[in-house]
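Colleague: Pasting in a structure now, in structure tokens, and then I'll have a few things to ask.
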Amino acid sequence: MKSLSSSVLALAPSMTVAIDTRAKELQAAGQDIVALGVGEPDFDTPEHIKDAAIASLREGKTKYTAPTGIPELKKAVSDKLLRENGVKIPADQVVITSGVKHAVANVLQTLLNPGDEVVIPAPYWVTYPELVKLYGGTPVFIPTSVDTGYKFTPEALEAAITPRTKALILCNPSNPTGMVYGKAELEAFAKILVKHDVYVLSDEIYEHILYDGRKPVSIASLGGGIADLTLIVNGVSKAYAMTGWRVGYFAGPAPIAKAIGALQSQATHHPANVSQYGAVAALNGGLELVQKMGQEFNRRREFVIESLRAIPGIKVAMPEGAFYALPEVSSFYGKKTPKGKVIGGSLDLCEYLLADELLAVVPGAAFGDDRCIRLSYATSMDVLGKALERLRRGLLALV
Ligand SMILES: Cc1ncc(COP(=O)(O)O)c(C=O)c1O
């Protein structure tokens, strides 16, 4: 067989997806697995969204449309950005993508030339550095830790920027850390980005999952020229419990929207019409359901963090947004399992928890920080209760 693309062969498969797939295989084989691996709301998609999608099928809206998405959805995104974020981006600068992951891929493919650097705060969402490398760029990490609430400073950002820096990837609220940057912090970052003419890929997928009265702030809404450098990616997967519908979007400067449109016209074309009509109903349908889900996530967050803090040896920050906890568990490294295996790091720990406690969580190594593990609390209190019991038992059994 002839050799395959070296950049594709160098891709590390998503560890969160791998763990979820493994957990599902074990469940299918009859094992009582408790899975906190994947970041997927356990709620069902709201009925009015399903109804709108079904109606579109019945009306025969089943043919090819524009590769950048149906006009109704592009308008709904443009309206949403103005209404919810105070950001003015016309509908013709919006491109509908097959999920936010696809929007991130399209933006990076459109931006990067070989040797370009992209600054990524760590711990990071698993996909960012892999896609940067796939499209010829070099990820440059800004490390953060639980002791500073997983936040980076404007000084750290400026120190990471070189003449080759093309963009910063800002995931706010963050997966996996749960931290949220407010307006003043974003203003300080914006000043530096404008000064150095660096784009910001602003992943706002968790914008409505915020706790303790926080309100979403898009960096694009700030003044001083940052709007021209902000590349918003967002979608309906998390806020409307629509992960399987595969609808996301890009919104930003006209030349970039045009280039992404050309890319989609040759590569993927538009996401399924039926999903796009569902997404129109989601974005135009108000935020009541999102807020209800948020209250439930908050209850779960408090339970999870309290339970984690009750386990001696764990350090954990209170998440301010999204639905992940990222406990620091390195005090358990070097210890032995009841079967005599030494836990060398987060991969070993997660393997042990899956094999011995039937608990699926994601190793911090996947997010660029081997000191921690990630738990998703987008699942029921029953499942969380079982999971935390298994985690506690598993960790305390290490000697
Ligand atoms: C930060 C972040 N961006 C994007 C995505 C992907 O979203 P989608 O399912 O819409 O592709 C995820 C999913 O876990 C995520 O955590």
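Chain lettering (A, B, ...) mirrors the order of the structure tokens, residue numbering begins at 1 for each chain separately, and ligand numbering begins at 1 in order of display.
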Set the cut-off to 6 Å, count only C-alpha atoms and all ligand atoms, and list whatever residues fall near ligand 1 as a list in words.
Modeller: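 Selection of residues at most 6 Å from ligand 1: Gly39, Gly99, Val100, Lys101, Trp125, Cys171, Asn175, Ile205, Gly235, Ser237, Thr243, Arg246 and Gly248 of chain A.
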Colleague: Find the residues near stretch 266-271 of chain A: any atom within 12 Å, counting only C-alpha atoms, skip ones fewer than 3 places away on the same chain, and give them as an NGL selection string.
Modeller: :A and (62-71 or 73-74 or 95-100 or 102-103 or 105-106 or 109 or 244-249 or 259-263 or 274-279)
Colleague: Pull the strand (DSSP E or B) assignments for stretch 225-347 of chain A out of DSSP run on the backbone, and list those residues as an MDAnalysis selection string.
Modeller: chainID A and resid 230:235 248:251 315 321 324:325 328 336 342
Colleague: Near A:Leu287, counting only C-alpha atoms, which residues have an atom at most 10 Å away, once you skip same-chain residues fewer than 5 positions from it, shown as a ChimeraX atom specification?
Modeller: /A:84,208,239-240,282,292
Colleague: Name the closest residue to A:Glu328 among the candidates A:Gly149, A:Gly136, A:Pro41, A:Pro253; distances are taken between atoms, counting only C-alpha atoms.
Modeller: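 Checking each of A:Gly149, A:Gly136, A:Pro41, A:Pro253 against A:Glu328, counting only C-alpha atoms, the winner is A:Gly149.
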